[in-house]
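S.K.: To start, I am sharing the structure in question, which I have written as structure tokens.
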Amino acid sequence: MTEMLTLDAFEEASQKVKEVTQETKLVESPYFSAQCGNRVWLKPENMQRTGAYKVRGAYYKISTMSAEELDRGIITASAGNHAQGVAFAATRAHARSVVVMPTTTPLIKVERTKGYGAEVVLSGDVYDESCNFALELAEREGMTFIHPFNDPVVATGQGTIAMEIVQELPLVDTILVPVGGGGLSCGVAMFAKLYNPKIRVIGVEPAGAPSLTAALEAGSPVKLPGANTIADGTAVLEVGDKVFPYLQQNLDDVITVPDDELIVAFLDMVENHKMIVENSGLLTVAALKHLPAENRRVVSILSGGNMDVITMSSVVQHGLIQRGRIFTVSVLLPDRPGMLVKVASAIADENGNVIKLEHNQFVSTNRNAAVELRVTIEAFGEDHKRQIVAALEAAGFAPELVQTAL
């Protein structure tokens, strides 16, 4: 078998994965370019078959397996995207597949994994617990285990993304890649450095699960005490020990991103590119503003787009609130006819849109002195929000900004 993580292996993997992947051409982003002071392109693996890049590594790995390994059945553990990739690739190879997923996995990922032909077992609260159970099951039933990231063969398949990037944008300066367990970042960084050592490859991980940052500080993989992030696809407690040496050698930097920045990145992506990208895939978009503004050619890898509608709705609402486009004011006013109209008129005169009203007559025992009116308002952004609040003050009220509950 070809030695992995070499140019020959990447070329072999690239030809193989073309059998099942969809072309995800780079999308130039004038919006994000203007926001960060660099020239930005997006690599939309959220548009990939199975909704994520993971089909690359899974399909390439399974293509290298023997008939005996396939006959024993394939088992893996995954928070969702690798699960779908393995299920799809195993079914195509006419092999049985079992996928162990965390109990917190979004329903859409569970159902789609089943839809591709896998048997799904829910076990553990995070990926690492699911992986331990899958390894026990593999040992007990004699199945062939495929690791989602700690495998140079899988990483080689994932690295075909970098090959496509440089083929389309040969003068790329920087590639931003999401980091969970390290398989994608390992493959991307290794190919990029083999192709052109001057290309900067920067890993991006959630602040609530910085497994790579912890490993780099310690000099070897360490297990985090827990993971707390909305980027569920990268909520991994420990980076893979087989891929870590490559990450140490080839990554130029690592950026950690808080969840709040992912929320507004989702909003920006929907409004400016009409694309649904899951929180883990948005890490590289949120990281753009952490780069120096140097007019460099930067590619952000959007690793996946498998997001359930309930999560999507919650992220949109929180994003609108963070951007000042939805906010709530509390106004105390006498319980007299015409007061509500006066408040509404002040808001309307500033082109604010009232989307919710709560009138509480029992906030004080003296209704003539104080009745609370809570108004939830839609605005164009922070500046418009301040204008509306100022208009309410000019009308003789004392508006107080309070937490919005939608």
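Each chain in the structure tokens gets a letter, A, B and so on, in the order shown; residues start at 1 in every chain, and ligands are counted from 1 in the order they appear.
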Name all residues at most 12 Å from Val270 in chain A (count only C-alpha atoms; drop same-chain ones fewer than 5 positions away) and give them as a ChimeraX atom specification.
M.R.: /A:31,263-265,275-278,282,305,312,315-316,319
S.K.: Using N, CA, C and O atoms, can you export the residues from the last selection as a CSV table (one decimal), in the first residue's frame?
M.R.:
chain,number,residue,atom,x,y,z
A,31,TYR,N,-17.9,40.3,1.0
A,31,TYR,CA,-18.3,40.7,2.3
A,31,TYR,C,-17.2,40.4,3.3
A,31,TYR,O,-16.8,41.3,4.1
A,263,ILE,N,-22.0,32.4,16.4
A,263,ILE,CA,-23.4,32.8,16.3
A,263,ILE,C,-23.6,33.9,15.2
A,263,ILE,O,-24.4,33.8,14.3
A,264,VAL,N,-22.7,34.9,15.3
A,264,VAL,CA,-22.9,36.0,14.4
A,264,VAL,C,-22.3,35.6,13.0
A,264,VAL,O,-22.7,36.1,12.0
A,265,ALA,N,-21.3,34.7,13.0
A,265,ALA,CA,-20.8,34.2,11.7
A,265,ALA,C,-21.9,33.4,10.9
A,265,ALA,O,-22.0,33.5,9.7
A,275,MET,N,-25.9,30.4,2.5
A,275,MET,CA,-25.5,29.1,2.8
A,275,MET,C,-25.7,28.7,4.3
A,275,MET,O,-25.5,29.5,5.1
A,276,ILE,N,-26.1,27.5,4.5
A,276,ILE,CA,-26.2,26.9,5.8
A,276,ILE,C,-24.9,26.2,6.2
A,276,ILE,O,-24.5,25.2,5.5
A,277,VAL,N,-24.2,26.7,7.2
A,277,VAL,CA,-22.9,26.1,7.6
A,277,VAL,C,-23.1,25.8,9.1
A,277,VAL,O,-23.5,26.6,9.9
A,278,GLU,N,-22.7,24.5,9.5
A,278,GLU,CA,-22.8,24.2,10.9
A,278,GLU,C,-21.8,24.9,11.7
A,278,GLU,O,-20.8,25.4,11.2
A,282,LEU,N,-18.1,26.9,10.8
A,282,LEU,CA,-18.0,28.4,10.9
A,282,LEU,C,-16.8,28.8,11.7
A,282,LEU,O,-16.5,30.0,11.7
A,305,GLY,N,-22.3,21.2,6.8
A,305,GLY,CA,-23.5,22.0,6.9
A,305,GLY,C,-24.7,21.2,7.5
A,305,GLY,O,-25.9,21.5,7.2
A,312,MET,N,-30.7,25.8,14.3
A,312,MET,CA,-30.6,26.9,13.4
A,312,MET,C,-31.4,28.1,13.9
A,312,MET,O,-31.0,29.2,13.9
A,315,VAL,N,-29.8,29.8,16.9
A,315,VAL,CA,-28.6,30.5,16.5
A,315,VAL,C,-29.0,31.8,15.8
A,315,VAL,O,-28.4,32.9,16.1
A,316,VAL,N,-30.0,31.8,14.9
A,316,VAL,CA,-30.4,33.0,14.3
A,316,VAL,C,-30.9,34.0,15.3
A,316,VAL,O,-30.6,35.2,15.2
A,319,GLY,N,-28.1,35.5,17.2
A,319,GLY,CA,-27.3,36.3,16.4
A,319,GLY,C,-28.0,37.7,16.2
A,319,GLY,O,-27.3,38.7,16.2
S.K.: Residues of range 11-33 of chain A within 12 Å of range 181-201 of chain A: nearest atom pair and distance (Å, one decimal) for each, counting only C-alpha atoms, sorted by chain and number, as CSV?
M.R.:
residue,atom,partner,partner_atom,distance
A:Glu11,CA,A:Phe191,CA,10.0
A:Ala13,CA,A:Gly187,CA,11.2
A:Ser14,CA,A:Phe191,CA,11.6
S.K.: Calculate how many Å separate CA of Ala394 in chain A from CA of Ala346 in chain A, rounding to one decimal.
M.R.: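 So the answer is 8.7 Å.
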S.K.: Just list the residues in range 101-253 of chain A DSSP gives strand (DSSP E) on the backbone, as JSON, numbers by chain.
M.R.: {"A": [101, 119, 120, 121, 122, 144, 145, 174, 175, 176, 177, 178, 200, 201, 202, 203, 204, 205, 206, 253]}
S.K.: Show which residues sit within 8 Å of Thr156 in chain A, as a PyMOL selection string. Count only C-alpha atoms, and ignore same-chain residues fewer than 5 positions away.
M.R.: chain A and resi 4-5+9-10+13+57+187
S.K.: Find the residues around Gly142 in chain A up to 7 Å (only C-alpha atoms counted), leave out those fewer than 3 positions away in its own chain, and share them as a list in words.
M.R.: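 That gives Arg72, Ala138 and Glu139 of chain A.
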S.K.: Could you give me, as a VMD selection string, the residues within 10 Å of range 81-96 of chain A, counting only C-alpha atoms and dropping anything in the same chain fewer than 6 positions from it?
M.R.: chain A and resid 20 49 to 63 67 69 to 75 109 to 120 143 146 to 149 233 303 to 306
S.K.: Could the residues in this selection be saved with N, CA and C atoms as a short mmCIF file (atom, residue, chain, number, x, y, z; two decimals), in the first residue's frame?
M.R.:
data_model
loop_
_atom_site.label_atom_id
_atom_site.label_comp_id
_atom_site.auth_asym_id
_atom_site.auth_seq_id
_atom_site.Cartn_x
_atom_site.Cartn_y
_atom_site.Cartn_z
N VAL A 20 -16.92 9.77 -5.55
CA VAL A 20 -18.11 10.00 -4.71
C VAL A 20 -18.31 11.46 -4.27
N ARG A 49 -21.44 15.94 -0.76
CA ARG A 49 -22.31 14.78 -0.55
C ARG A 49 -22.17 14.33 0.91
N THR A 50 -23.24 14.03 1.55
CA THR A 50 -23.38 13.76 3.00
C THR A 50 -23.26 15.04 3.82
N GLY A 51 -23.12 16.20 3.17
CA GLY A 51 -23.15 17.47 3.88
C GLY A 51 -21.87 17.85 4.59
N ALA A 52 -20.78 17.12 4.34
CA ALA A 52 -19.52 17.46 5.01
C ALA A 52 -18.34 16.78 4.31
N TYR A 53 -17.14 17.26 4.62
CA TYR A 53 -15.91 16.75 4.00
C TYR A 53 -15.61 15.31 4.39
N LYS A 54 -16.21 14.81 5.46
CA LYS A 54 -15.81 13.52 6.04
C LYS A 54 -15.93 12.34 5.08
N VAL A 55 -16.77 12.46 4.08
CA VAL A 55 -16.92 11.37 3.11
C VAL A 55 -15.59 11.08 2.41
N ARG A 56 -14.73 12.09 2.31
CA ARG A 56 -13.44 11.91 1.64
C ARG A 56 -12.58 10.87 2.37
N GLY A 57 -12.33 11.13 3.67
CA GLY A 57 -11.48 10.22 4.43
C GLY A 57 -12.08 8.85 4.59
N ALA A 58 -13.40 8.80 4.83
CA ALA A 58 -14.07 7.51 5.02
C ALA A 58 -14.01 6.66 3.76
N TYR A 59 -14.30 7.29 2.63
CA TYR A 59 -14.33 6.54 1.37
C TYR A 59 -12.93 6.07 1.00
N TYR A 60 -11.94 6.94 1.17
CA TYR A 60 -10.57 6.53 0.82
C TYR A 60 -10.10 5.41 1.74
N LYS A 61 -10.38 5.52 3.03
CA LYS A 61 -9.98 4.47 3.98
C LYS A 61 -10.60 3.13 3.60
N ILE A 62 -11.89 3.13 3.33
CA ILE A 62 -12.58 1.88 3.01
C ILE A 62 -12.07 1.30 1.68
N SER A 63 -11.66 2.18 0.77
CA SER A 63 -11.13 1.69 -0.51
C SER A 63 -9.81 0.96 -0.35
N ALA A 67 -10.88 -7.44 1.57
CA ALA A 67 -12.20 -8.07 1.54
C ALA A 67 -12.52 -8.69 2.90
N GLU A 69 -11.49 -7.64 5.87
CA GLU A 69 -11.83 -6.56 6.80
C GLU A 69 -13.25 -6.08 6.55
N LEU A 70 -13.63 -5.98 5.29
CA LEU A 70 -14.97 -5.53 4.95
C LEU A 70 -16.02 -6.55 5.37
N ASP A 71 -15.68 -7.84 5.21
CA ASP A 71 -16.63 -8.90 5.56
C ASP A 71 -16.93 -8.93 7.06
N ARG A 72 -15.98 -8.50 7.86
CA ARG A 72 -16.19 -8.50 9.31
C ARG A 72 -17.15 -7.39 9.73
N GLY A 73 -17.40 -6.45 8.84
CA GLY A 73 -18.25 -5.31 9.17
C GLY A 73 -17.42 -4.16 9.67
N ILE A 74 -17.91 -2.96 9.49
CA ILE A 74 -17.18 -1.74 9.84
C ILE A 74 -17.89 -1.05 11.00
N ILE A 75 -17.12 -0.58 11.96
CA ILE A 75 -17.70 0.16 13.08
C ILE A 75 -16.89 1.44 13.29
N LYS A 109 -28.52 14.43 12.11
CA LYS A 109 -27.33 13.62 11.82
C LYS A 109 -27.60 12.13 12.09
N VAL A 110 -28.36 11.85 13.12
CA VAL A 110 -28.72 10.45 13.43
C VAL A 110 -29.54 9.86 12.29
N GLU A 111 -30.58 10.58 11.88
CA GLU A 111 -31.48 10.07 10.85
C GLU A 111 -30.79 9.92 9.51
N ARG A 112 -29.93 10.86 9.18
CA ARG A 112 -29.23 10.76 7.90
C ARG A 112 -28.22 9.62 7.89
N THR A 113 -27.61 9.36 9.05
CA THR A 113 -26.68 8.23 9.14
C THR A 113 -27.41 6.92 8.91
N LYS A 114 -28.58 6.80 9.52
CA LYS A 114 -29.41 5.61 9.28
C LYS A 114 -29.82 5.52 7.81
N GLY A 115 -30.13 6.70 7.25
CA GLY A 115 -30.57 6.74 5.86
C GLY A 115 -29.52 6.26 4.88
N TYR A 116 -28.24 6.40 5.24
CA TYR A 116 -27.17 5.92 4.38
C TYR A 116 -26.86 4.44 4.60
N GLY A 117 -27.60 3.80 5.51
CA GLY A 117 -27.50 2.35 5.65
C GLY A 117 -26.82 1.84 6.91
N ALA A 118 -26.45 2.73 7.84
CA ALA A 118 -25.75 2.27 9.05
C ALA A 118 -26.72 1.92 10.17
N GLU A 119 -26.27 1.05 11.07
CA GLU A 119 -26.97 0.81 12.33
C GLU A 119 -26.41 1.81 13.34
N VAL A 120 -27.28 2.58 13.99
CA VAL A 120 -26.82 3.63 14.90
C VAL A 120 -27.04 3.21 16.35
N MET A 143 -15.41 -6.67 14.67
CA MET A 143 -15.60 -5.76 13.55
C MET A 143 -14.34 -4.92 13.30
N ILE A 146 -12.89 1.98 12.26
CA ILE A 146 -12.31 3.10 11.51
C ILE A 146 -12.35 4.33 12.40
N HIS A 147 -11.17 4.85 12.70
CA HIS A 147 -11.12 6.04 13.55
C HIS A 147 -11.46 7.27 12.72
N PRO A 148 -12.26 8.19 13.26
CA PRO A 148 -12.67 9.36 12.47
C PRO A 148 -11.56 10.36 12.18
N PHE A 149 -10.50 10.35 12.98
CA PHE A 149 -9.43 11.34 12.73
C PHE A 149 -8.04 10.84 13.03
N GLY A 233 -19.35 19.28 16.31
CA GLY A 233 -18.49 18.44 15.48
C GLY A 233 -17.02 18.51 15.85
N SER A 303 -16.35 23.21 6.81
CA SER A 303 -16.23 21.76 6.87
C SER A 303 -17.54 20.99 6.76
N GLY A 304 -18.68 21.62 7.11
CA GLY A 304 -19.94 20.88 7.04
C GLY A 304 -21.15 21.78 7.18
N GLY A 305 -22.30 21.22 6.82
CA GLY A 305 -23.55 21.98 6.88
C GLY A 305 -24.71 21.21 7.46
N ASN A 306 -24.40 20.19 8.26
CA ASN A 306 -25.47 19.36 8.84
C ASN A 306 -25.93 19.97 10.17
#
